[in-house]
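Chemist: Structure file model-v9.txt (compact mmCIF, C-alpha atoms) right here:
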# COMPACT_ATOMS: atom_id res chain seq x y z
CA MET A 1 -9.23 -8.41 9.91
CA ARG A 2 -6.53 -10.43 8.32
CA ASN A 3 -2.87 -9.91 9.10
CA PRO A 4 -1.31 -8.41 5.92
CA ILE A 5 2.18 -9.73 6.66
CA ARG A 6 1.79 -13.36 7.60
CA SER A 7 5.07 -14.14 5.86
CA GLU A 8 8.00 -12.46 4.15
CA ALA A 9 6.38 -13.08 0.77
CA GLU A 10 3.27 -11.17 1.82
CA ALA A 11 5.38 -8.38 3.30
CA PHE A 12 7.12 -8.17 -0.08
CA SER A 13 3.74 -7.90 -1.81
CA PHE A 14 2.87 -5.13 0.64
CA VAL A 15 6.03 -3.26 -0.42
CA ILE A 16 4.91 -3.49 -4.04
CA VAL A 17 1.43 -2.16 -3.21
CA VAL A 18 2.88 0.74 -1.21
CA GLY A 19 5.41 1.47 -3.93
CA LEU A 20 2.74 1.67 -6.63
CA SER A 21 0.55 3.81 -4.36
CA ALA A 22 3.48 6.15 -3.75
CA LEU A 23 4.02 6.41 -7.48
CA ALA A 24 0.40 7.47 -7.92
CA VAL A 25 0.74 10.01 -5.10
CA GLY A 26 3.92 11.36 -6.63
CA VAL A 27 2.30 11.81 -10.03
CA ALA A 28 -0.78 13.41 -8.47
CA GLY A 29 1.34 15.77 -6.39
CA TRP A 30 3.51 16.67 -9.35
CA LEU A 31 0.54 17.40 -11.60
CA GLY A 32 -1.92 18.91 -9.13
CA GLY A 33 0.18 20.35 -6.35
CA PHE A 34 0.38 19.72 -2.62
CA TRP A 35 -3.33 19.39 -1.79
CA VAL A 36 -4.04 17.00 -4.65
CA GLY A 37 -1.03 14.94 -3.64
CA LEU A 38 -2.04 14.96 0.02
CA GLY A 39 -5.61 13.98 -0.89
CA THR A 40 -4.35 11.12 -3.03
CA PHE A 41 -2.01 10.08 -0.23
CA ILE A 42 -4.83 10.02 2.32
CA GLY A 43 -7.25 8.34 -0.10
CA LEU A 44 -4.87 5.59 -1.13
CA GLY A 45 -3.70 5.11 2.45
CA ALA A 46 -7.29 4.71 3.60
CA GLY A 47 -7.90 2.34 0.68
CA VAL A 48 -4.97 0.13 1.63
CA VAL A 49 -6.05 0.04 5.29
CA ALA A 50 -9.67 -0.68 4.31
CA GLY A 51 -8.48 -3.44 1.98
CA ILE A 52 -6.57 -5.03 4.85
CA PHE A 53 -9.61 -4.84 7.12
CA LEU A 54 -12.13 -6.05 4.56
CA ARG A 55 -10.10 -8.93 3.18
CA SER A 56 -10.92 -11.31 5.97
CA GLU A 57 -10.60 -14.57 4.07
CA PRO A 58 -7.13 -15.98 3.57
CA ARG A 59 -6.03 -16.28 0.01
CA ALA A 60 -4.64 -19.43 -1.42
CA GLY A 61 -0.90 -19.52 -1.66
CA GLU A 62 1.90 -19.61 0.76
CA PRO A 63 0.83 -20.57 4.28
CA ALA A 64 1.59 -18.31 7.21
CA ILE A 65 4.78 -19.00 9.11
CA TRP A 66 2.91 -20.54 12.00
CA GLU A 67 0.98 -22.88 9.71
CA ARG A 68 4.06 -24.64 8.45
CA SER A 69 4.92 -26.70 11.48
CA SER A 70 4.80 -30.44 11.12
CA PRO A 71 4.99 -33.23 13.64
CA ALA A 72 8.52 -34.03 14.69
CA ASP A 73 7.89 -37.77 14.86
CA ALA A 74 6.45 -40.24 12.38
CA ARG A 75 3.28 -40.99 14.33
CA ARG A 76 -0.07 -40.00 12.95
CA HIS A 77 -1.43 -37.02 14.85
CA ILE A 78 -5.18 -36.66 15.12
CA LEU A 79 -6.59 -33.47 16.56
CA VAL A 80 -10.14 -33.66 17.90
CA ILE A 81 -12.23 -30.58 18.69
CA ALA A 82 -15.41 -31.27 20.55
CA ASN A 83 -17.44 -29.59 23.22
CA GLU A 84 -20.49 -31.23 24.79
CA THR A 85 -20.21 -34.13 22.38
CA CYS A 86 -16.74 -34.94 23.67
CA ALA A 87 -17.65 -38.34 25.07
CA GLY A 88 -20.27 -39.14 22.45
CA ARG A 89 -20.27 -42.68 21.18
CA ALA A 90 -20.19 -41.69 17.52
CA LEU A 91 -17.13 -39.54 18.11
CA CYS A 92 -15.31 -42.25 20.04
CA ASP A 93 -16.10 -44.76 17.27
CA GLU A 94 -14.77 -42.37 14.65
CA ILE A 95 -11.56 -41.74 16.59
CA ARG A 96 -11.02 -45.46 17.12
CA TYR A 97 -11.62 -46.01 13.40
CA ARG A 98 -9.17 -43.28 12.43
CA ALA A 99 -6.50 -44.48 14.85
CA ARG A 100 -6.71 -48.16 14.03
CA GLY A 101 -3.86 -49.84 12.18
CA CYS A 102 -1.42 -47.01 12.69
CA ASP A 103 0.73 -45.58 15.42
CA ALA A 104 -1.51 -42.64 16.27
CA ASP A 105 -1.48 -39.91 18.88
CA VAL A 106 -4.78 -38.25 19.58
CA LEU A 107 -5.28 -34.87 21.20
CA VAL A 108 -8.79 -34.03 22.34
CA ILE A 109 -9.48 -30.35 22.89
CA ALA A 110 -12.68 -29.20 24.53
CA PRO A 111 -13.20 -25.45 24.25
CA ALA A 112 -14.14 -23.80 27.53
CA LEU A 113 -17.59 -22.53 26.64
CA SER A 114 -18.31 -19.31 28.45
CA SER A 115 -20.50 -16.26 27.96
CA PRO A 116 -18.81 -13.10 26.65
CA VAL A 117 -19.47 -11.30 29.92
CA ARG A 118 -17.84 -14.06 31.95
CA TYR A 119 -15.01 -14.21 29.46
CA TRP A 120 -14.22 -10.52 29.73
CA ALA A 121 -14.57 -10.66 33.51
CA SER A 122 -12.10 -13.58 33.56
CA ASP A 123 -14.77 -15.64 35.32
CA VAL A 124 -14.11 -18.78 33.30
CA ASP A 125 -13.17 -21.21 36.04
CA GLY A 126 -16.57 -22.90 35.92
CA ALA A 127 -16.48 -23.21 32.14
CA ARG A 128 -12.98 -24.65 32.24
CA ALA A 129 -13.92 -27.14 34.94
CA ALA A 130 -16.91 -28.29 32.91
CA ALA A 131 -14.76 -28.62 29.81
CA GLN A 132 -12.16 -30.57 31.80
CA ALA A 133 -14.87 -32.96 32.98
CA ARG A 134 -15.91 -33.57 29.37
CA VAL A 135 -12.29 -34.16 28.39
CA ASP A 136 -11.87 -36.63 31.25
CA ALA A 137 -14.92 -38.60 30.17
CA SER A 138 -13.68 -38.69 26.59
CA LEU A 139 -10.17 -39.75 27.59
CA ALA A 140 -11.51 -42.52 29.78
CA ALA A 141 -13.61 -43.93 26.95
CA LEU A 142 -10.81 -43.72 24.39
CA ALA A 143 -8.12 -45.05 26.71
CA ALA A 144 -10.34 -48.04 27.44
CA ALA A 145 -10.43 -48.68 23.70
CA GLY A 146 -6.63 -48.68 23.57
CA VAL A 147 -6.17 -45.30 21.91
CA ARG A 148 -3.12 -43.28 22.93
CA VAL A 149 -4.80 -40.03 23.80
CA ARG A 150 -4.38 -36.92 25.83
CA GLY A 151 -6.67 -34.00 26.34
CA GLU A 152 -6.76 -30.37 27.23
CA VAL A 153 -9.14 -27.49 27.63
CA GLY A 154 -8.95 -25.04 24.77
CA ASP A 155 -9.99 -21.55 23.80
CA ALA A 156 -13.70 -20.78 23.69
CA ASP A 157 -13.42 -20.05 19.96
CA PRO A 158 -13.23 -23.46 18.23
CA LEU A 159 -11.11 -22.09 15.35
CA GLN A 160 -8.72 -20.58 17.83
CA ALA A 161 -8.64 -23.86 19.71
CA ILE A 162 -7.80 -25.68 16.47
CA GLU A 163 -5.03 -23.22 15.70
CA ASP A 164 -3.55 -23.57 19.17
CA GLY A 165 -3.75 -27.34 18.85
CA LEU A 166 -2.03 -27.28 15.45
CA ARG A 167 0.77 -25.16 16.78
CA THR A 168 1.52 -27.29 19.81
CA PHE A 169 0.53 -30.69 18.43
CA GLY A 170 0.96 -30.48 14.64
CA ALA A 171 -1.92 -32.62 13.37
CA ASP A 172 -2.16 -34.77 10.25
CA GLU A 173 -5.92 -34.63 10.36
CA ILE A 174 -8.65 -32.91 12.32
CA ILE A 175 -11.94 -34.22 13.61
CA VAL A 176 -14.63 -31.69 14.52
CA SER A 177 -17.55 -33.00 16.51
CA THR A 178 -20.84 -31.13 16.76
CA HIS A 179 -24.46 -31.58 17.70
CA PRO A 180 -26.86 -32.28 14.82
CA PRO A 181 -27.90 -29.38 12.56
CA GLY A 182 -30.47 -27.20 14.26
CA ARG A 183 -29.01 -27.78 17.71
CA SER A 184 -25.39 -26.94 16.99
CA ASN A 185 -24.13 -23.44 17.57
CA TRP A 186 -20.90 -24.32 15.77
CA LEU A 187 -22.77 -25.38 12.65
CA GLU A 188 -24.74 -22.14 12.69
CA ARG A 189 -21.43 -20.32 12.72
CA ASN A 190 -20.09 -22.49 9.87
CA VAL A 191 -17.15 -23.57 11.98
CA VAL A 192 -16.50 -26.72 9.94
CA GLU A 193 -16.57 -24.90 6.59
CA ARG A 194 -14.38 -22.12 7.89
CA ALA A 195 -11.90 -24.63 9.30
CA ARG A 196 -11.77 -26.36 5.90
CA GLU A 197 -11.04 -23.04 4.22
CA LEU A 198 -8.37 -22.12 6.74
CA TYR A 199 -6.44 -25.36 7.05
CA ASP A 200 -5.06 -27.52 4.31
CA LEU A 201 -5.66 -30.71 6.30
CA PRO A 202 -8.25 -33.48 6.08
CA ILE A 203 -11.13 -32.46 8.31
CA THR A 204 -13.78 -34.96 9.33
CA HIS A 205 -17.07 -33.69 10.67
CA VAL A 206 -18.77 -36.01 13.15
CA VAL A 207 -22.35 -35.37 14.20
CA VAL A 208 -23.15 -36.67 17.66
CA ASP A 209 -26.80 -36.90 18.68
CA LEU A 210 -26.51 -37.24 22.44
CA GLU A 211 -30.27 -37.52 22.97
CA HIS A 212 -30.49 -40.35 20.48
CA GLU A 213 -27.51 -42.13 22.04
CA GLU A 214 -28.96 -41.83 25.54
CA ALA A 215 -32.32 -43.12 24.35
CA PHE A 216 -30.59 -46.02 22.65
CA LEU A 217 -28.63 -46.86 25.81
CA ARG A 218 -31.80 -46.77 27.94
CA SER A 219 -33.63 -49.08 25.58
CA SER A 220 -30.82 -51.59 25.32
CA MET B 1 1.24 -42.08 31.74
CA SER B 2 -2.33 -43.18 31.20
CA ALA B 3 -4.84 -40.98 29.50
CA VAL B 4 -6.82 -40.27 32.63
CA ALA B 5 -3.73 -39.67 34.68
CA GLU B 6 -2.44 -37.33 32.00
CA ALA B 7 -5.67 -35.37 32.04
CA HIS B 8 -5.23 -34.80 35.76
CA ALA B 9 -1.47 -34.46 35.62
CA HIS B 10 -1.39 -30.80 36.46
CA GLY B 11 -3.42 -31.22 39.60
CA ASP B 12 -0.41 -30.86 41.89
CA HIS B 13 1.36 -28.03 40.11
CA PRO B 14 0.31 -24.98 38.11
CA PRO B 15 -1.10 -25.84 34.70
CA ALA B 16 0.92 -25.09 31.62
CA ALA B 17 0.42 -21.64 30.16
CA HIS B 18 -2.61 -21.70 27.91
CA ALA B 19 -1.63 -20.84 24.36
CA SER B 20 -4.22 -18.39 23.17
CA SER B 21 -2.27 -16.49 20.54
CA ARG B 22 -2.48 -17.45 16.88
CA VAL B 23 1.11 -16.45 16.31
CA PRO B 24 4.39 -17.89 17.61
CA PRO B 25 5.96 -15.69 20.30
CA VAL B 26 8.98 -14.80 18.16
CA LEU B 27 6.85 -13.63 15.26
CA LEU B 28 4.42 -11.91 17.58
CA GLY B 29 7.36 -10.03 19.09
CA MET B 30 8.42 -8.84 15.64
CA TYR B 31 4.85 -7.77 14.84
CA LEU B 32 4.55 -5.81 18.06
CA PHE B 33 7.95 -4.25 17.45
CA ILE B 34 6.95 -3.21 13.94
CA ALA B 35 3.62 -1.89 15.22
CA SER B 36 5.39 0.25 17.81
CA GLU B 37 7.81 1.45 15.15
CA ALA B 38 4.93 2.36 12.86
CA MET B 39 3.45 4.45 15.65
CA LEU B 40 6.80 6.09 16.26
CA PHE B 41 7.03 7.03 12.61
CA GLY B 42 3.42 8.17 12.81
CA SER B 43 4.29 10.69 15.50
CA PHE B 44 7.15 12.05 13.39
CA PHE B 45 4.84 12.30 10.36
CA ALA B 46 2.28 14.12 12.49
CA ALA B 47 4.93 16.66 13.50
CA TYR B 48 6.02 17.04 9.89
CA PHE B 49 2.53 17.62 8.52
CA PHE B 50 1.68 19.98 11.37
CA ALA B 51 4.74 22.08 10.60
CA ARG B 52 4.05 21.97 6.91
CA VAL B 53 0.36 22.84 7.05
CA SER B 54 1.08 25.57 9.62
CA ALA B 55 3.64 27.10 7.29
CA GLY B 56 1.27 26.87 4.32
CA PRO B 57 1.72 24.45 1.47
CA ASP B 58 2.70 27.13 -1.01
CA VAL B 59 5.78 28.09 0.96
CA TRP B 60 7.25 24.67 1.43
CA PRO B 61 10.17 24.19 1.60
CA PRO B 62 10.27 27.52 3.48
CA PHE B 63 12.56 30.42 2.74
CA ARG B 64 15.88 30.63 4.47
CA PRO B 65 15.61 33.20 7.28
CA GLY B 66 16.38 36.70 6.04
CA THR B 67 16.64 35.67 2.39
CA GLU B 68 14.45 35.08 -0.65
CA GLU B 69 16.00 31.67 -1.21
CA GLN B 70 14.04 28.48 -0.46
CA PHE B 71 15.57 25.43 1.15
CA HIS B 72 16.35 22.83 -1.47
CA LEU B 73 15.96 19.06 -1.24
CA PRO B 74 17.90 16.73 -3.59
CA VAL B 75 14.87 14.98 -5.04
CA TYR B 76 16.75 13.00 -7.67
CA LEU B 77 19.43 11.79 -5.30
CA ALA B 78 16.69 10.64 -2.95
CA LEU B 79 14.97 8.97 -5.91
CA LEU B 80 18.18 7.05 -6.55
CA ASN B 81 18.17 6.01 -2.89
CA THR B 82 14.53 4.94 -3.22
CA ILE B 83 15.36 2.76 -6.21
CA ILE B 84 18.27 1.24 -4.28
CA LEU B 85 16.11 0.43 -1.29
CA VAL B 86 13.22 -0.98 -3.33
CA THR B 87 15.73 -3.13 -5.21
CA SER B 88 17.00 -4.42 -1.88
CA SER B 89 13.49 -5.65 -1.09
CA PHE B 90 13.64 -7.72 -4.26
CA THR B 91 17.04 -9.15 -3.36
CA VAL B 92 16.04 -10.15 0.17
CA HIS B 93 12.92 -11.76 -1.27
CA TRP B 94 15.10 -13.60 -3.75
CA ALA B 95 17.36 -14.76 -0.92
CA LEU B 96 14.45 -16.29 0.95
CA GLN B 97 12.98 -17.90 -2.14
CA SER B 98 16.42 -19.38 -2.87
CA ILE B 99 16.80 -21.08 0.49
CA LYS B 100 13.27 -22.45 0.18
CA ARG B 101 14.58 -24.28 -2.89
CA GLU B 102 17.78 -25.31 -1.06
CA ASN B 103 19.77 -22.88 -3.19
CA ARG B 104 22.39 -21.75 -0.69
CA ALA B 105 24.35 -19.72 -3.23
CA GLY B 106 21.23 -17.73 -4.00
CA LEU B 107 20.63 -17.16 -0.30
CA ILE B 108 24.16 -15.90 0.30
CA ALA B 109 24.15 -13.76 -2.84
CA GLY B 110 20.72 -12.33 -2.03
CA LEU B 111 21.60 -11.44 1.54
CA GLY B 112 24.99 -10.06 0.51
CA LEU B 113 23.45 -7.89 -2.19
CA THR B 114 20.76 -6.67 0.17
CA PHE B 115 23.37 -5.72 2.73
CA LEU B 116 25.44 -3.86 0.13
CA LEU B 117 22.40 -2.01 -1.21
CA GLY B 118 21.37 -1.01 2.30
CA LEU B 119 24.89 0.15 3.08
CA THR B 120 24.96 2.15 -0.15
CA PHE B 121 21.68 3.78 0.84
CA LEU B 122 23.13 4.82 4.19
CA LEU B 123 26.33 6.17 2.68
CA ILE B 124 24.41 8.20 0.11
CA GLN B 125 22.20 9.57 2.85
CA ALA B 126 25.23 10.51 4.95
CA ARG B 127 26.74 12.23 1.92
CA GLU B 128 23.44 14.03 1.32
CA TYR B 129 23.44 15.31 4.90
CA THR B 130 26.86 16.90 4.46
CA ARG B 131 25.74 18.81 1.36
CA LEU B 132 22.21 19.86 2.19
CA GLY B 133 23.22 23.27 3.45
CA PHE B 134 20.89 23.27 6.43
CA SER B 135 20.84 21.60 9.81
CA PRO B 136 18.21 20.32 12.27
CA ARG B 137 18.31 23.74 13.91
CA ASP B 138 17.01 25.50 10.78
CA LEU B 139 13.32 26.03 11.49
CA ALA B 140 10.75 23.29 11.95
CA PHE B 141 11.54 22.29 8.38
CA GLY B 142 15.08 21.25 9.27
CA SER B 143 14.01 19.57 12.49
CA THR B 144 11.29 17.46 10.91
CA PHE B 145 13.37 16.64 7.85
CA TYR B 146 16.33 15.38 9.84
CA GLY B 147 14.02 13.77 12.38
CA LEU B 148 12.18 11.71 9.78
CA THR B 149 15.09 10.79 7.56
CA GLY B 150 17.42 10.26 10.53
CA LEU B 151 14.91 8.00 12.25
CA HIS B 152 14.62 6.00 9.07
CA GLY B 153 18.38 5.86 8.66
CA LEU B 154 18.64 4.46 12.15
CA HIS B 155 16.23 1.71 11.17
CA VAL B 156 18.26 0.94 8.09
CA PHE B 157 21.29 0.59 10.36
CA VAL B 158 19.43 -1.85 12.61
CA GLY B 159 18.26 -3.76 9.53
CA LEU B 160 21.82 -3.96 8.26
CA ASN B 161 22.89 -5.54 11.53
CA LEU B 162 20.14 -8.14 11.25
CA LEU B 163 21.08 -8.82 7.64
CA ALA B 164 24.75 -9.11 8.50
CA TYR B 165 23.92 -11.65 11.19
CA ALA B 166 21.76 -13.66 8.77
CA PHE B 167 24.46 -13.40 6.10
CA ILE B 168 27.16 -14.75 8.42
CA ARG B 169 24.91 -17.58 9.50
CA SER B 170 24.09 -18.44 5.89
CA VAL B 171 27.80 -18.54 4.99
CA ARG B 172 28.38 -20.87 7.91
CA GLY B 173 25.80 -23.29 6.56
CA HIS B 174 22.80 -22.40 8.66
CA TYR B 175 19.21 -22.38 7.32
CA SER B 176 17.53 -24.86 5.05
CA ALA B 177 14.37 -25.21 3.00
CA LYS B 178 12.49 -26.22 6.14
CA SER B 179 14.23 -23.97 8.63
CA HIS B 180 14.75 -20.36 7.59
CA PHE B 181 13.01 -18.38 10.29
CA GLY B 182 16.24 -16.43 10.87
CA VAL B 183 16.05 -15.05 7.33
CA GLU B 184 12.31 -14.52 7.22
CA LEU B 185 12.12 -12.23 10.24
CA PRO B 186 14.89 -9.85 9.08
CA GLY B 187 13.19 -9.97 5.67
CA ILE B 188 9.89 -8.78 7.13
CA TYR B 189 11.70 -6.06 9.05
CA TRP B 190 13.58 -4.97 5.94
CA HIS B 191 10.35 -4.69 3.97
CA PHE B 192 8.94 -2.55 6.78
CA VAL B 193 11.98 -0.25 6.54
CA ASP B 194 11.46 -0.11 2.78
CA VAL B 195 7.77 0.78 3.12
CA MET B 196 8.63 3.52 5.59
CA TRP B 197 11.18 5.02 3.22
CA ILE B 198 8.68 5.01 0.35
CA VAL B 199 6.26 6.96 2.54
CA VAL B 200 9.01 9.32 3.75
CA TYR B 201 10.22 9.95 0.21
CA THR B 202 6.72 10.54 -1.13
CA THR B 203 5.68 12.94 1.60
CA VAL B 204 8.93 14.78 2.23
CA TYR B 205 10.51 14.95 -1.20
CA ILE B 206 7.62 14.71 -3.68
CA ILE B 207 4.38 16.27 -2.51
How would this structure read if it were set down as structure tokens?
Modeler:
Amino acid sequence: MRNPIRSEAEAFSFVIVVGLSALAVGVAGWLGGFWVGLGTFIGLGAGVVAGIFLRSEPRAGEPAIWERSSPADARRHILVIANETCAGRALCDEIRYRARGCDADVLVIAPALSSPVRYWASDVDGARAAAQARVDASLAALAAAGVRVRGEVGDADPLQAIEDGLRTFGADEIIVSTHPPGRSNWLERNVVERARELYDLPITHVVVDLEHEEAFLRSS
Amino acid sequence: MSAVAEAHAHGDHPPAAHASSRVPPVLLGMYLFIASEAMLFGSFFAAYFFARVSAGPDVWPPFRPGTEEQFHLPVYLALLNTIILVTSSFTVHWALQSIKRENRAGLIAGLGLTFLLGLTFLLIQAREYTRLGFSPRDLAFGSTFYGLTGLHGLHVFVGLNLLAYAFIRSVRGHYSAKSHFGVELPGIYWHFVDVMWIVVYTTVYII
């Protein structure tokens, strides 16, 4: 479901829709009597509610209030969302590449991956600890490369984690790191495409093949 | 602070609250407030429709006790009020669009007009109350009518206070194209009040 009043402009549009619906109800009630008017009222009301529920994709236009924040300083803000690939070499190389030649702040968010049952039972300590360990490994690698970086554990939903990161960090660009196609749950859920639809920011998708990297390290 | 140290920084004190909501707290508060208000109105509507369906749709408004005369509602006066309130939604929208373009005069004029329109609505409603010829004690009809319209009038009053506050701030030079949260939230609330009146007018006065 999409929030129908993400901004004053959308609330205004909602007033127009309700006004036109009321006009139709009024005409129906005037012509057909109480029951016709009540039926129209219920039908249109259900239609408006169904429209709100079914219209899940955001429309182009004015961003929601909470999407308008921008970084307070002039530094480039790079938001990185990664789970098990957090400390992958390809991701670290990409972050170093993106941060080079500019005064950049990097925030690495690792979603705390947990099963729905554990999530609802609030038994997420293990998942958060594992995510924190991945963040630590990533921060160590990036800090060694001279990148100004900090990290945190985020929501299990990567899109939610991005949104939280945008609100508290205000990114200029986003990097999403996943396993290769076929092994990535995020790619199966079209997380990258959905993030590109949701956010009007440059989004780089980095594929990290941990098995390949480990094999390469063993051989070299 | 180094990166690794920063990652462990909250080891000796409670970690910062984890932000899991998609919405800023202030806006979330307004949404929750509006949701609770919608439910409050819903309970009043439920009472109204229960009374109306129980009485039978063909005898609504009901007859005055002991007479053959039906209660009468000033439909056209309420229509005028509806037009006034819908117009005020346009003016508050105009006010916000103006400040987004750094047009302070438009902001002040829009908020001022919205306030005046809302005040006019309230005054007309107060005048209507004095001339209706029935009171909240007159059957379930009177109770539900005054309950619904009075509840809405109370919300208009609250909205007027919010608008007055935003108006004073705008006159004193507050708000800008990048910072106008203090106008946007009252605007959303005002649209909610407008939507509620449209529903009240349609159900109580028209059908």
Chemist: At most 10 Å from (7.8, 8.4, 8.4), file frame, all atoms listed in the file: which residues, as a PDB file with C-alpha atoms, in the frame of the given file?
Modeler:
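Result file follows (selection.pdb):
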ATOM      1  CA  GLU B  37       7.810   1.450  15.150  1.00  0.00           C
ATOM      2  CA  ALA B  38       4.930   2.360  12.860  1.00  0.00           C
ATOM      3  CA  MET B  39       3.450   4.450  15.650  1.00  0.00           C
ATOM      4  CA  LEU B  40       6.800   6.090  16.260  1.00  0.00           C
ATOM      5  CA  PHE B  41       7.030   7.030  12.610  1.00  0.00           C
ATOM      6  CA  GLY B  42       3.420   8.170  12.810  1.00  0.00           C
ATOM      7  CA  SER B  43       4.290  10.690  15.500  1.00  0.00           C
ATOM      8  CA  PHE B  44       7.150  12.050  13.390  1.00  0.00           C
ATOM      9  CA  PHE B  45       4.840  12.300  10.360  1.00  0.00           C
ATOM     10  CA  ALA B  46       2.280  14.120  12.490  1.00  0.00           C
ATOM     11  CA  TYR B  48       6.020  17.040   9.890  1.00  0.00           C
ATOM     12  CA  PHE B 145      13.370  16.640   7.850  1.00  0.00           C
ATOM     13  CA  GLY B 147      14.020  13.770  12.380  1.00  0.00           C
ATOM     14  CA  LEU B 148      12.180  11.710   9.780  1.00  0.00           C
ATOM     15  CA  THR B 149      15.090  10.790   7.560  1.00  0.00           C
ATOM     16  CA  LEU B 151      14.910   8.000  12.250  1.00  0.00           C
ATOM     17  CA  HIS B 152      14.620   6.000   9.070  1.00  0.00           C
ATOM     18  CA  VAL B 193      11.980  -0.250   6.540  1.00  0.00           C
ATOM     19  CA  VAL B 195       7.770   0.780   3.120  1.00  0.00           C
ATOM     20  CA  MET B 196       8.630   3.520   5.590  1.00  0.00           C
ATOM     21  CA  TRP B 197      11.180   5.020   3.220  1.00  0.00           C
ATOM     22  CA  ILE B 198       8.680   5.010   0.350  1.00  0.00           C
ATOM     23  CA  VAL B 199       6.260   6.960   2.540  1.00  0.00           C
ATOM     24  CA  VAL B 200       9.010   9.320   3.750  1.00  0.00           C
ATOM     25  CA  TYR B 201      10.220   9.950   0.210  1.00  0.00           C
ATOM     26  CA  THR B 202       6.720  10.540  -1.130  1.00  0.00           C
ATOM     27  CA  THR B 203       5.680  12.940   1.600  1.00  0.00           C
ATOM     28  CA  VAL B 204       8.930  14.780   2.230  1.00  0.00           C
TER      29      VAL B 204
END
Chemist: Please return, as an MDAnalysis selection string, all residues of chain A lying within 9 Å of chain B when all atoms listed in the file are considered.
Modeler: chainID A and resid 5 7:12 14:16 18:19 22:23 25:30 33:38 41 65:66 68 132 135:137 139:140 142:143 147:155 160:161 163:165 167:168
Chemist: Please determine, counting only C-alpha atoms, which residue among B:Gln125, B:Ser143, B:Tyr175, B:Ala105 has the shortest atom-to-atom distance to Leu79 (chain B).
Modeler: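 Among the listed residues, B:Gln125 lies closest to Leu79 (chain B).
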Chemist: I'd like the interatomic distance between CA of Leu210 (chain A) and CA of Gly182 (chain A), to a tenth of an Å.
Modeler: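 These two atoms are separated by 13.5 Å.
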Chemist: Quick one, how far is CA of Ser135 (chain B) from CA of Phe71 (chain B)?
Modeler: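 Calculated distance between CA of Ser135 (chain B) and CA of Phe71 (chain B) is 10.8 Å.
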